[in-house]
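*Asks:* My structure is stored as start-v3.cif, with mmCIF, C-alpha atoms.
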data_query
#
loop_
_atom_site.label_atom_id
_atom_site.label_comp_id
_atom_site.auth_asym_id
_atom_site.auth_seq_id
_atom_site.Cartn_x
_atom_site.Cartn_y
_atom_site.Cartn_z
CA MET A 1 43.92 -42.23 -31.28
CA ARG A 2 46.50 -39.55 -30.47
CA GLY A 3 50.10 -39.18 -31.69
CA ARG A 4 51.39 -38.00 -28.32
CA GLY A 5 52.26 -40.36 -25.52
CA LEU A 6 53.12 -43.26 -27.81
CA ALA A 7 56.51 -44.85 -27.44
CA ALA A 8 59.18 -43.92 -29.97
CA ALA A 9 60.17 -46.38 -32.71
CA THR A 10 56.94 -48.34 -32.47
CA VAL A 11 54.85 -48.82 -35.59
CA LEU A 12 51.08 -48.67 -35.74
CA VAL A 13 48.44 -48.89 -38.41
CA VAL A 14 46.28 -45.78 -38.34
CA LEU A 15 42.82 -46.21 -39.85
CA CYS A 16 42.11 -42.93 -41.57
CA GLY A 17 39.04 -42.25 -43.66
CA GLY A 18 38.64 -45.94 -44.42
CA SER A 19 42.24 -46.68 -45.44
CA ALA A 20 45.28 -47.92 -43.58
CA ALA A 21 48.39 -45.77 -43.28
CA VAL A 22 51.48 -47.38 -41.76
CA ALA A 23 53.24 -44.87 -39.57
CA ASP A 24 56.15 -44.44 -37.19
CA THR A 25 54.92 -42.77 -34.04
CA THR A 26 56.62 -39.72 -32.57
CA THR A 27 58.45 -39.58 -29.28
CA ALA A 28 56.31 -38.71 -26.28
CA GLY A 29 55.92 -34.95 -25.95
CA SER A 30 57.36 -34.26 -29.40
CA GLY A 31 54.16 -33.44 -31.25
CA ALA A 32 53.61 -30.62 -33.70
CA ARG A 33 52.83 -27.25 -32.14
CA ASN A 34 52.48 -25.68 -35.59
CA ILE A 35 51.02 -27.11 -38.82
CA ILE A 36 51.68 -25.61 -42.24
CA TYR A 37 49.86 -27.17 -45.20
CA ILE A 38 51.25 -25.87 -48.51
CA GLN A 39 49.24 -26.58 -51.64
CA GLY A 40 50.26 -26.31 -55.22
CA ASP A 41 46.80 -26.44 -56.75
CA GLY A 42 46.77 -28.92 -59.65
CA LEU A 43 50.31 -30.00 -58.78
CA GLY A 44 50.83 -33.54 -60.05
CA LEU A 45 53.99 -35.54 -60.65
CA GLY A 46 54.32 -34.06 -64.13
CA GLN A 47 54.19 -30.50 -62.82
CA ARG A 48 56.85 -31.23 -60.21
CA ASP A 49 59.09 -32.84 -62.83
CA LEU A 50 58.58 -29.83 -65.09
CA LEU A 51 59.59 -27.44 -62.31
CA ARG A 52 62.63 -29.47 -61.32
CA LEU A 53 63.94 -29.80 -64.87
CA ALA A 54 63.26 -26.20 -65.87
CA LEU A 55 64.45 -24.54 -62.64
CA LYS A 56 67.14 -26.84 -61.22
CA GLY A 57 68.30 -29.12 -64.05
CA LYS A 58 68.31 -32.85 -64.66
CA ASN A 59 69.93 -33.75 -61.35
CA GLY A 60 68.75 -30.73 -59.39
CA ARG A 61 66.37 -30.58 -56.49
CA LEU A 62 63.60 -28.18 -55.62
CA ALA A 63 63.16 -26.94 -52.08
CA MET A 64 59.97 -29.01 -51.93
CA ASP A 65 61.98 -32.13 -52.88
CA GLY A 66 64.25 -31.87 -49.84
CA LEU A 67 61.78 -32.88 -47.16
CA ALA A 68 62.17 -36.12 -45.20
CA ALA A 69 59.00 -37.97 -46.19
CA THR A 70 57.61 -38.63 -49.68
CA GLY A 71 54.39 -40.32 -50.68
CA LEU A 72 51.50 -40.44 -53.14
CA VAL A 73 47.97 -39.24 -52.44
CA ARG A 74 44.83 -40.69 -54.04
CA THR A 75 42.44 -37.87 -54.84
CA ALA A 76 39.07 -39.30 -55.96
CA SER A 77 36.01 -37.60 -54.49
CA ASP A 78 32.87 -39.27 -53.15
CA ASP A 79 30.71 -38.00 -55.99
CA PRO A 80 27.85 -40.10 -57.37
CA ASP A 81 28.43 -38.92 -60.92
CA GLU A 82 32.20 -38.31 -61.25
CA ILE A 83 35.44 -40.01 -60.28
CA VAL A 84 37.79 -37.08 -60.83
CA THR A 85 37.70 -34.57 -58.00
CA ASP A 86 37.34 -30.82 -58.08
CA SER A 87 39.17 -28.51 -55.69
CA ALA A 88 36.22 -28.18 -53.29
CA ALA A 89 35.84 -31.90 -52.64
CA ALA A 90 39.61 -32.44 -52.52
CA ALA A 91 40.17 -29.62 -50.03
CA THR A 92 37.25 -30.78 -47.90
CA ALA A 93 38.87 -34.23 -47.65
CA LEU A 94 42.15 -32.64 -46.56
CA ALA A 95 40.49 -30.25 -44.14
CA THR A 96 37.98 -32.62 -42.50
CA GLY A 97 39.10 -36.20 -43.11
CA HIS A 98 35.88 -36.97 -45.00
CA LYS A 99 35.30 -37.31 -48.71
CA THR A 100 32.36 -35.46 -50.26
CA ARG A 101 30.77 -34.63 -53.59
CA ASN A 102 32.32 -32.22 -56.07
CA GLY A 103 31.48 -28.59 -55.43
CA ALA A 104 30.81 -29.05 -51.71
CA VAL A 105 32.82 -26.97 -49.24
CA GLY A 106 33.28 -28.18 -45.66
CA VAL A 107 30.12 -30.33 -45.75
CA ASP A 108 29.38 -33.99 -46.36
CA GLY A 109 27.40 -35.38 -49.27
CA HIS A 110 24.14 -34.48 -47.51
CA GLY A 111 25.18 -30.89 -46.82
CA ARG A 112 25.96 -31.40 -43.12
CA PRO A 113 28.88 -29.34 -41.75
CA LEU A 114 32.14 -31.16 -41.00
CA GLU A 115 34.59 -29.78 -38.44
CA THR A 116 37.89 -28.75 -40.02
CA ILE A 117 41.47 -28.90 -38.83
CA LEU A 118 41.54 -25.08 -38.76
CA GLU A 119 38.46 -24.99 -36.54
CA ARG A 120 39.98 -27.57 -34.22
CA ALA A 121 43.16 -25.52 -34.02
CA LYS A 122 41.16 -22.39 -33.21
CA ARG A 123 39.24 -24.25 -30.49
CA ALA A 124 42.58 -25.36 -28.99
CA GLY A 125 43.70 -21.73 -28.70
CA LYS A 126 45.99 -21.73 -31.70
CA SER A 127 46.18 -18.95 -34.29
CA THR A 128 45.04 -19.70 -37.83
CA GLY A 129 45.58 -18.38 -41.34
CA LEU A 130 44.53 -18.79 -44.98
CA VAL A 131 46.87 -17.45 -47.67
CA THR A 132 46.43 -17.97 -51.41
CA THR A 133 47.04 -16.44 -54.82
CA ALA A 134 43.47 -17.51 -55.66
CA GLN A 135 40.41 -15.81 -54.23
CA VAL A 136 40.66 -16.11 -50.46
CA THR A 137 37.05 -17.32 -50.57
CA GLY A 138 37.88 -19.86 -53.28
CA ALA A 139 37.15 -23.56 -52.90
CA SER A 140 40.46 -24.69 -51.40
CA PRO A 141 40.94 -22.16 -48.58
CA ALA A 142 37.18 -22.08 -47.94
CA ALA A 143 37.06 -25.80 -47.18
CA PHE A 144 39.24 -25.18 -44.11
CA ALA A 145 37.06 -22.44 -42.61
CA ALA A 146 33.54 -22.46 -44.07
CA HIS A 147 30.57 -24.76 -44.71
CA VAL A 148 28.46 -24.22 -47.82
CA PRO A 149 26.83 -26.66 -50.27
CA SER A 150 28.32 -24.84 -53.27
CA ARG A 151 31.78 -23.40 -53.82
CA ASP A 152 30.12 -20.58 -55.79
CA SER A 153 28.67 -19.04 -52.59
CA GLN A 154 31.76 -16.96 -51.99
CA SER A 155 30.10 -14.03 -50.19
CA ASP A 156 28.57 -16.56 -47.78
CA ILE A 157 32.07 -17.94 -47.28
CA ALA A 158 33.45 -14.46 -46.56
CA LYS A 159 30.63 -13.84 -44.08
CA GLN A 160 31.37 -17.12 -42.30
CA TYR A 161 35.04 -16.22 -42.07
CA ILE A 162 34.42 -13.00 -40.18
CA GLU A 163 31.47 -14.21 -38.12
CA ASN A 164 32.30 -17.83 -37.32
CA SER A 165 35.73 -19.34 -38.02
CA ARG A 166 37.63 -16.01 -37.82
CA PRO A 167 41.08 -16.93 -39.20
CA ASP A 168 43.63 -14.48 -37.84
CA VAL A 169 45.24 -13.96 -41.25
CA LEU A 170 43.26 -13.85 -44.52
CA LEU A 171 45.33 -12.94 -47.57
CA GLY A 172 44.54 -13.41 -51.28
CA GLY A 173 42.28 -12.19 -54.03
CA GLY A 174 38.51 -12.07 -54.44
CA GLU A 175 37.68 -8.49 -53.48
CA ASP A 176 34.45 -8.58 -55.53
CA TRP A 177 32.81 -10.96 -53.06
CA TRP A 178 33.35 -8.56 -50.15
CA TYR A 179 31.86 -5.37 -51.62
CA PRO A 180 28.21 -4.74 -52.64
CA LYS A 181 27.19 -4.07 -56.22
CA GLY A 182 28.06 -0.52 -57.21
CA ASN A 183 31.09 -0.33 -54.92
CA PRO A 184 34.07 -1.45 -57.05
CA GLY A 185 36.53 -1.43 -54.15
CA LEU A 186 40.19 -0.73 -54.84
CA TRP A 187 40.86 -2.87 -57.92
CA PRO A 188 39.23 -1.86 -61.23
CA ASP A 189 36.78 -4.42 -62.55
CA LYS A 190 37.70 -6.21 -65.75
CA PRO A 191 35.01 -7.07 -68.31
CA GLY A 192 32.61 -9.56 -66.75
CA GLU A 193 33.66 -8.71 -63.20
CA GLU A 194 31.72 -6.73 -60.62
CA SER A 195 31.29 -6.50 -56.87
CA ARG A 196 28.46 -8.77 -55.76
CA SER A 197 28.17 -9.13 -51.98
CA PRO A 198 24.50 -9.41 -50.95
CA TYR A 199 25.48 -8.65 -47.35
CA GLY A 200 26.68 -5.09 -47.78
CA ASN A 201 30.31 -4.10 -47.26
CA LEU A 202 31.98 -7.13 -45.70
CA VAL A 203 35.36 -5.40 -45.56
CA GLU A 204 33.92 -2.74 -43.26
CA ARG A 205 32.18 -5.43 -41.23
CA ALA A 206 35.49 -7.28 -40.87
CA GLN A 207 37.18 -4.08 -39.69
CA ARG A 208 34.45 -3.54 -37.08
CA THR A 209 35.12 -7.03 -35.72
CA GLY A 210 38.85 -6.44 -35.28
CA TYR A 211 40.52 -7.06 -38.63
CA THR A 212 43.07 -4.61 -40.01
CA TYR A 213 42.48 -4.27 -43.75
CA VAL A 214 45.53 -3.95 -46.00
CA ARG A 215 45.30 -3.16 -49.71
CA ASP A 216 48.77 -3.77 -51.13
CA GLY A 217 52.22 -5.13 -50.40
CA ASP A 218 53.43 -1.97 -48.68
CA GLU A 219 50.52 -1.91 -46.26
CA LEU A 220 50.94 -5.63 -45.60
CA ARG A 221 54.62 -5.15 -44.87
CA ALA A 222 53.98 -2.22 -42.53
CA THR A 223 51.15 -3.62 -40.41
CA ARG A 224 51.84 -5.06 -36.98
CA ALA A 225 48.24 -6.16 -36.45
CA ASN A 226 47.45 -9.59 -35.04
CA ARG A 227 44.36 -10.01 -37.23
CA ILE A 228 44.80 -9.11 -40.91
CA LEU A 229 42.55 -9.13 -43.97
CA GLY A 230 44.24 -8.43 -47.30
CA LEU A 231 42.49 -8.55 -50.69
CA PHE A 232 44.88 -7.94 -53.59
CA ALA A 233 42.77 -8.59 -56.70
CA ASN A 234 39.15 -8.61 -57.89
CA GLU A 235 39.23 -12.36 -58.38
CA ASP A 236 42.32 -14.61 -58.58
CA MET A 237 45.68 -12.85 -58.29
CA VAL A 238 46.96 -14.49 -61.50
CA ASP A 239 45.97 -13.55 -65.07
CA TYR A 240 45.31 -16.88 -66.77
CA GLY A 241 45.62 -17.54 -70.46
CA PRO A 242 47.49 -19.65 -73.02
CA ASP A 243 51.20 -19.22 -73.68
CA GLY A 244 51.91 -15.63 -74.67
CA VAL A 245 48.66 -14.36 -73.15
CA GLY A 246 48.52 -15.57 -69.57
CA LYS A 247 50.80 -13.81 -67.12
CA TYR A 248 51.92 -14.81 -63.65
CA ALA A 249 52.36 -11.49 -61.86
CA PRO A 250 50.53 -11.31 -58.50
CA ARG A 251 50.57 -7.81 -57.05
CA VAL A 252 51.74 -9.26 -53.74
CA PRO A 253 54.04 -12.29 -54.02
CA LEU A 254 53.04 -15.50 -52.27
CA GLN A 255 56.39 -15.52 -50.48
CA GLN A 256 55.72 -12.09 -48.96
CA MET A 257 52.23 -13.12 -47.84
CA ALA A 258 53.64 -16.30 -46.29
CA ARG A 259 56.35 -14.40 -44.45
CA LYS A 260 53.82 -12.01 -42.92
CA ALA A 261 51.54 -14.88 -41.96
CA LEU A 262 54.39 -16.72 -40.24
CA ASP A 263 55.51 -13.58 -38.39
CA THR A 264 51.95 -12.89 -37.22
CA LEU A 265 50.79 -16.38 -36.29
CA SER A 266 54.00 -17.42 -34.55
CA LYS A 267 53.40 -14.81 -31.84
CA ASN A 268 50.96 -17.26 -30.27
CA PRO A 269 52.79 -19.52 -27.76
CA ARG A 270 50.15 -22.21 -28.34
CA GLY A 271 51.10 -22.47 -32.01
CA PHE A 272 49.16 -22.15 -35.23
CA PHE A 273 47.63 -23.74 -38.32
CA LEU A 274 48.43 -22.12 -41.69
CA PHE A 275 47.15 -22.99 -45.16
CA LEU A 276 49.30 -21.64 -48.01
CA GLU A 277 48.29 -22.06 -51.65
CA GLU A 278 49.73 -21.30 -55.07
CA GLU A 279 46.81 -21.26 -57.47
CA GLY A 280 48.80 -20.49 -60.62
CA THR A 281 50.03 -24.07 -61.03
CA ASP A 282 46.41 -25.11 -61.55
CA GLY A 283 45.14 -22.16 -63.57
CA MET A 284 48.06 -22.26 -65.99
CA SER A 285 47.72 -26.04 -66.34
CA HIS A 286 44.07 -25.54 -67.27
CA GLU A 287 45.36 -23.24 -70.02
CA ASN A 288 48.08 -25.75 -71.03
CA ASN A 289 50.59 -22.95 -70.45
CA ALA A 290 53.80 -24.61 -69.28
CA HIS A 291 55.70 -21.30 -69.13
CA GLY A 292 53.04 -20.03 -66.73
CA VAL A 293 53.26 -23.21 -64.66
CA ILE A 294 57.01 -22.70 -64.34
CA ASP A 295 56.56 -19.09 -63.20
CA ALA A 296 53.95 -20.09 -60.62
CA GLY A 297 56.03 -23.08 -59.54
CA ARG A 298 59.07 -20.88 -59.00
CA ALA A 299 57.01 -18.71 -56.66
CA LEU A 300 55.70 -21.80 -54.88
CA ASP A 301 59.18 -23.22 -54.34
CA ASP A 302 60.48 -19.85 -53.11
CA THR A 303 57.64 -19.91 -50.59
CA VAL A 304 58.55 -23.44 -49.52
CA ALA A 305 62.12 -22.25 -48.95
CA GLU A 306 60.76 -19.39 -46.84
CA VAL A 307 58.75 -21.83 -44.74
CA LEU A 308 61.72 -24.17 -44.30
CA ARG A 309 63.81 -21.26 -43.02
CA PHE A 310 61.13 -20.75 -40.38
CA VAL A 311 61.13 -24.45 -39.54
CA ARG A 312 64.87 -24.43 -38.86
CA THR A 313 64.19 -22.32 -35.75
CA HIS A 314 60.79 -23.90 -35.02
CA PRO A 315 61.38 -27.68 -35.29
CA ASP A 316 58.03 -28.40 -33.62
CA THR A 317 56.37 -27.58 -36.96
CA LEU A 318 54.80 -30.13 -39.29
CA VAL A 319 55.09 -29.01 -42.93
CA ILE A 320 53.16 -30.82 -45.67
CA ILE A 321 53.41 -29.95 -49.38
CA GLY A 322 50.84 -31.47 -51.70
CA GLY A 323 48.54 -31.03 -54.65
CA ASP A 324 44.77 -31.39 -54.35
CA HIS A 325 44.60 -33.02 -57.81
CA GLU A 326 46.50 -33.07 -61.10
CA THR A 327 45.49 -30.72 -63.91
CA GLY A 328 46.16 -31.01 -67.63
CA GLY A 329 47.57 -34.52 -67.90
CA LEU A 330 51.08 -33.07 -68.15
CA SER A 331 53.96 -35.26 -69.36
CA ILE A 332 57.62 -34.61 -70.17
CA GLU A 333 59.02 -35.62 -73.58
CA ASN A 334 62.37 -35.40 -75.35
CA TYR A 335 62.54 -32.47 -77.73
CA ASP A 336 62.20 -33.49 -81.36
CA ALA A 337 62.42 -30.59 -83.82
CA SER A 338 60.53 -32.60 -86.43
CA ASP A 339 57.55 -33.19 -84.11
CA THR A 340 54.82 -30.68 -84.97
CA ASP A 341 52.19 -31.93 -82.49
CA PRO A 342 50.07 -28.84 -81.68
CA GLY A 343 49.44 -30.19 -78.18
CA GLN A 344 53.09 -29.77 -77.25
CA ASP A 345 54.51 -26.84 -75.31
CA GLY A 346 58.14 -25.77 -75.46
CA PRO A 347 60.95 -26.51 -76.04
CA PHE A 348 62.49 -25.76 -72.65
CA ASP A 349 66.19 -25.69 -71.79
CA VAL A 350 67.58 -27.86 -68.99
CA PRO A 351 69.98 -25.73 -66.90
CA GLY A 352 73.54 -27.01 -66.76
CA SER A 353 73.23 -29.05 -69.96
CA LYS A 354 72.54 -28.85 -73.68
CA LEU A 355 69.38 -30.88 -73.25
CA ARG A 356 65.92 -29.63 -74.16
CA PHE A 357 62.46 -31.07 -73.54
CA THR A 358 58.84 -30.43 -74.39
CA VAL A 359 55.62 -30.69 -72.42
CA ASP A 360 52.64 -32.63 -73.73
CA TRP A 361 49.11 -32.03 -72.47
CA THR A 362 46.18 -34.44 -72.69
CA THR A 363 43.34 -32.26 -71.32
CA HIS A 364 42.40 -28.79 -70.09
CA ASP A 365 40.66 -30.34 -67.09
CA HIS A 366 41.57 -32.19 -63.92
CA THR A 367 42.72 -35.80 -64.06
CA GLY A 368 42.39 -38.67 -61.60
CA ALA A 369 46.15 -39.14 -61.20
CA ASP A 370 47.70 -39.52 -57.76
CA THR A 371 49.55 -36.45 -56.51
CA PRO A 372 52.94 -36.35 -54.76
CA VAL A 373 53.22 -35.28 -51.13
CA THR A 374 56.38 -34.36 -49.24
CA ALA A 375 56.54 -33.61 -45.52
CA GLU A 376 58.89 -32.68 -42.68
CA GLY A 377 58.52 -32.48 -38.93
CA PRO A 378 56.67 -34.35 -36.19
CA GLY A 379 54.48 -37.09 -37.64
CA SER A 380 55.69 -36.59 -41.21
CA THR A 381 56.81 -40.21 -41.66
CA ARG A 382 53.16 -41.22 -41.63
CA LEU A 383 52.88 -39.82 -45.16
CA GLY A 384 55.38 -42.25 -46.66
CA GLY A 385 53.78 -44.63 -49.15
CA THR A 386 50.37 -44.31 -50.82
CA VAL A 387 47.57 -42.72 -48.80
CA GLN A 388 44.12 -41.25 -49.32
CA ASN A 389 43.66 -37.48 -49.22
CA THR A 390 41.61 -37.98 -46.06
CA ASP A 391 44.69 -39.55 -44.44
CA VAL A 392 46.54 -36.25 -44.76
CA HIS A 393 43.97 -34.72 -42.41
CA TRP A 394 44.43 -37.48 -39.87
CA VAL A 395 48.19 -37.16 -40.02
CA MET A 396 47.83 -33.49 -39.06
CA ARG A 397 45.44 -34.43 -36.26
CA LEU A 398 47.65 -37.20 -34.88
CA ALA A 399 50.81 -35.10 -35.04
CA SER A 400 49.27 -32.15 -33.20
CA GLY A 401 46.85 -33.87 -30.83
CA LEU A 402 43.94 -31.84 -32.21
#
Go ahead and express the file in the form of structure tokens.
*Replies:*
Amino acid sequence: MRGRGLAAATVLVVLCGGSAAVADTTTAGSGARNIIYIQGDGLGLGQRDLLRLALKGKNGRLAMDGLAATGLVRTASDDPDEIVTDSAAAATALATGHKTRNGAVGVDGHGRPLETILERAKRAGKSTGLVTTAQVTGASPAAFAAHVPSRDSQSDIAKQYIENSRPDVLLGGGEDWWYPKGNPGLWPDKPGEESRSPYGNLVERAQRTGYTYVRDGDELRATRANRILGLFANEDMVDYGPDGVGKYAPRVPLQQMARKALDTLSKNPRGFFLFLEEEGTDGMSHENNAHGVIDAGRALDDTVAEVLRFVRTHPDTLVIIGGDHETGGLSIENYDASDTDPGQDGPFDVPGSKLRFTVDWTTHDHTGADTPVTAEGPGSTRLGGTVQNTDVHWVMRLASGL
């Protein structure tokens, strides 16, 4: 079933990944030429409330709150042993429309490759990009452009990028997976880190196949290449740790990477697919570091604002903002100076008021909570209500005709 060619104002039930999503169809010929999926990894309702209260105040609104459609996404994986998803299974559901077991990237539960929305976009002549503050070969971006039974096979993922799926823009961390042992690359290895590609120098191989390699923000800003590889850290671009230890300070801001990706991919008159990810919201939630979540969330919302500026002049763009799962079991509580619960984080001031609040954590792991999704553009109304994560894939497919 395609989104194009259907009469405006009709309503249909779209069967997506085994669930029913009620959706308004788009006007004939008004489909999405561009698709931008923005992920706050680990971004649940609690994280979004934390960001809104800490950054905009009690009655404020984040850039990601201003989109036309709002819904909830169910995130459970199809794992025989676990209900709560990991990032690999969640991203595979988003990328392919099929649930899979935890740890699997772009394959079903039997290890068989599943075609992704990025690969469909490439086959249709569109440009494609993966941008993240995690390792660019990490589970979430990889699920859109690679097929491996284990998310740990990151050099295999890098090799598949440059040999098979060939995204036009690849920006993030994870340099160690691209260089062979003994070649540290640009970024000094921290204790426990080392280059580990079994396939030789994959950066040089990428350059031989047409990628321009950039090593920092200045080189990224200066390049006019149409195919870009940028690796800005040994592993993730964020230094994780508990409050007072962890630091959100990527060498190249997500907003800058997003701006370059938009400038590059939008040259293609056939349109593009772009995956953008802020990893810090997940990593800092794993550490129960609410200050770090706020810093990462600020960067994420600045990036959303950057994307929405692009959308104002490119209204044929579907933008979806979601979280692959919730991390930490985060909840907001009134500040009580007499409460000495060691699991609390804060207090935090609420801008524009005298109010303060604290954050309570229930785990250092993922939870099975639904995640919020907001969307704008052709087909976005299909994400109103409660949907499965596989439905998000089908919404992108229906909106774009891929």
*Asks:* Give as JSON, numbers by chain the residues that the PyMOL selection byres ((chain A and resi 296) around 12) matches when applied to the coordinates above.
*Replies:* {"A": [40, 41, 42, 43, 47, 48, 50, 51, 55, 133, 134, 237, 238, 239, 240, 246, 247, 248, 249, 250, 253, 254, 255, 277, 278, 279, 280, 281, 282, 283, 284, 285, 289, 290, 291, 292, 293, 294, 295, 297, 298, 299, 300, 301, 302, 303]}
*Asks:* For a cut-off of 9 Å around (48.1, -9.3, -35.5), file coordinates, pick out all residues using all atoms listed in the file and list them as a list of chain:residue names.
*Replies:*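 Neighbouring residues, ordered by chain and number, come to A:Asp168, A:Val169, A:Tyr211, A:Thr212, A:Thr223, A:Arg224, A:Ala225, A:Asn226, A:Arg227, A:Ile228, A:Thr264, A:Leu265, A:Lys267.
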*Asks:* So that I can see what lies close to region 315-322 of chain A, please list as an mmCIF file with C-alpha atoms, keeping the file's coordinate frame the residues with an atom at most 8 Å from it, counting only C-alpha atoms and leaving out residues fewer than 6 positions away in the same chain.
*Replies:*
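In the end it all went to out_4.cif:
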data_model
loop_
_atom_site.group_PDB
_atom_site.id
_atom_site.type_symbol
_atom_site.label_atom_id
_atom_site.label_comp_id
_atom_site.auth_asym_id
_atom_site.auth_seq_id
_atom_site.Cartn_x
_atom_site.Cartn_y
_atom_site.Cartn_z
ATOM 1 C CA SER A 30 57.360 -34.260 -29.400
ATOM 2 C CA GLY A 31 54.160 -33.440 -31.250
ATOM 3 C CA ALA A 32 53.610 -30.620 -33.700
ATOM 4 C CA ARG A 33 52.830 -27.250 -32.140
ATOM 5 C CA ASN A 34 52.480 -25.680 -35.590
ATOM 6 C CA ILE A 35 51.020 -27.110 -38.820
ATOM 7 C CA ILE A 36 51.680 -25.610 -42.240
ATOM 8 C CA TYR A 37 49.860 -27.170 -45.200
ATOM 9 C CA ILE A 38 51.250 -25.870 -48.510
ATOM 10 C CA GLN A 39 49.240 -26.580 -51.640
ATOM 11 C CA GLY A 40 50.260 -26.310 -55.220
ATOM 12 C CA LEU A 43 50.310 -30.000 -58.780
ATOM 13 C CA MET A 64 59.970 -29.010 -51.930
ATOM 14 C CA THR A 371 49.550 -36.450 -56.510
ATOM 15 C CA PRO A 372 52.940 -36.350 -54.760
ATOM 16 C CA VAL A 373 53.220 -35.280 -51.130
ATOM 17 C CA THR A 374 56.380 -34.360 -49.240
ATOM 18 C CA ALA A 375 56.540 -33.610 -45.520
ATOM 19 C CA GLU A 376 58.890 -32.680 -42.680
ATOM 20 C CA GLY A 377 58.520 -32.480 -38.930
ATOM 21 C CA PRO A 378 56.670 -34.350 -36.190
ATOM 22 C CA GLY A 379 54.480 -37.090 -37.640
ATOM 23 C CA SER A 380 55.690 -36.590 -41.210
ATOM 24 C CA MET A 396 47.830 -33.490 -39.060
ATOM 25 C CA ALA A 399 50.810 -35.100 -35.040
#
*Asks:* Which of these residues is nearest to Tyr199 (chain A), using only C-alpha atoms: A:Thr390, A:Thr327, A:Ser155, A:Thr85?
*Replies:*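 Checking each of A:Thr390, A:Thr327, A:Ser155, A:Thr85 against Tyr199 (chain A), counting only C-alpha atoms, the winner is A:Ser155.
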*Asks:* Any idea what the distance is between CA of His364 (chain A) and CA of Ala90 (chain A)?
*Replies:*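 Going from CA of His364 (chain A) over to CA of Ala90 (chain A) covers 18.2 Å.
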*Asks:* Using Å and a single decimal, report how far CA of Gly172 (chain A) sits from CA of Gly210 (chain A).
*Replies:* 18.4 Å
*Asks:* Find the distance between CA of Trp361 (chain A) and CA of Asn334 (chain A) and write it in Å to one decimal.
*Replies:* 14.0 Å
*Asks:* Taking the file as I've supplied it (selection: the PyMOL selection byres ((chain A and resi 94) around 9)), which residues are included? Please answer as a PDB file with C-alpha atoms, in the coordinates of the input.
*Replies:*
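Once written, part.pdb looks like this:
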ATOM      1  CA  ALA A  89      35.840 -31.900 -52.640  1.00  0.00           C
ATOM      2  CA  ALA A  90      39.610 -32.440 -52.520  1.00  0.00           C
ATOM      3  CA  ALA A  91      40.170 -29.620 -50.030  1.00  0.00           C
ATOM      4  CA  THR A  92      37.250 -30.780 -47.900  1.00  0.00           C
ATOM      5  CA  ALA A  93      38.870 -34.230 -47.650  1.00  0.00           C
ATOM      6  CA  ALA A  95      40.490 -30.250 -44.140  1.00  0.00           C
ATOM      7  CA  THR A  96      37.980 -32.620 -42.500  1.00  0.00           C
ATOM      8  CA  GLY A  97      39.100 -36.200 -43.110  1.00  0.00           C
ATOM      9  CA  HIS A  98      35.880 -36.970 -45.000  1.00  0.00           C
ATOM     10  CA  LYS A  99      35.300 -37.310 -48.710  1.00  0.00           C
ATOM     11  CA  THR A 116      37.890 -28.750 -40.020  1.00  0.00           C
ATOM     12  CA  ILE A 117      41.470 -28.900 -38.830  1.00  0.00           C
ATOM     13  CA  ALA A 143      37.060 -25.800 -47.180  1.00  0.00           C
ATOM     14  CA  PHE A 144      39.240 -25.180 -44.110  1.00  0.00           C
ATOM     15  CA  ASP A 324      44.770 -31.390 -54.350  1.00  0.00           C
ATOM     16  CA  ASN A 389      43.660 -37.480 -49.220  1.00  0.00           C
ATOM     17  CA  THR A 390      41.610 -37.980 -46.060  1.00  0.00           C
ATOM     18  CA  ASP A 391      44.690 -39.550 -44.440  1.00  0.00           C
ATOM     19  CA  VAL A 392      46.540 -36.250 -44.760  1.00  0.00           C
ATOM     20  CA  HIS A 393      43.970 -34.720 -42.410  1.00  0.00           C
ATOM     21  CA  TRP A 394      44.430 -37.480 -39.870  1.00  0.00           C
TER      22      TRP A 394
END
*Asks:* Using all atoms listed in the file, which of A:Ala305, A:Ile332, A:Leu402, A:Ala104 sits nearest Asp65 (chain A)?
*Replies:*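 Checking each of A:Ala305, A:Ile332, A:Leu402, A:Ala104 against Asp65 (chain A), counting all atoms listed in the file, the winner is A:Ala305.
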*Asks:* Please evaluate the PyMOL selection byres ((chain A and resi 182-193) around 12) against the structure above and give the resulting residues as a ChimeraX atom specification.
*Replies:* /A:173-181,194-198,200-204,213-216,230-237,239,251
*Asks:* Taking all atoms of region 105-113 of chain A that the file lists and extending 3 Å past them on each side, where is the centre of the axis-aligned box and how long are its edges? Answer in Å to one decimal, as lines of an AutoDock Vina configuration file.
*Replies:*
center_x = 28.7
center_y = -31.2
center_z = -45.5
size_x = 15.1
size_y = 14.4
size_z = 13.5
*Asks:* Calculated over all atoms listed in the file, which of the candidates A:Leu114, A:Asp365, A:Leu229, A:Thr70 has the smallest distance to Val136 (chain A)?
*Replies:*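 The shortest atom-to-atom distance to Val136 (chain A) comes from A:Leu229.
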*Asks:* Residues within 7 Å of Gly384 (chain A), please, as number ranges by chain. Count only C-alpha atoms; anything in the same chain fewer than 3 positions from it doesn't count.
*Replies:* A: 69-71, 381
*Asks:* Residues near Ser331 (chain A), anyone? I mean within 7 Å using all atoms listed in the file, not counting same-chain ones fewer than 5 positions away, as number ranges by chain.
*Replies:* A: 46, 359-361
*Asks:* Find, counting only C-alpha atoms, the residue in A:Ala337, A:Met257, A:Leu45, A:Ala54 that gets nearest to Gly352 (chain A).
*Replies:*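 With only C-alpha atoms as the atom set, the closest residue is A:Ala54.
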*Asks:* Go through A:Ser165, A:Thr358, A:Thr209, A:Ser400 one by one, measure the shortest atom-to-atom distance of each to Asp345 (chain A) using only C-alpha atoms, and give the residue with the smallest value.
*Replies:*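 Of the candidates, the smallest distance to Asp345 (chain A) is held by A:Thr358.
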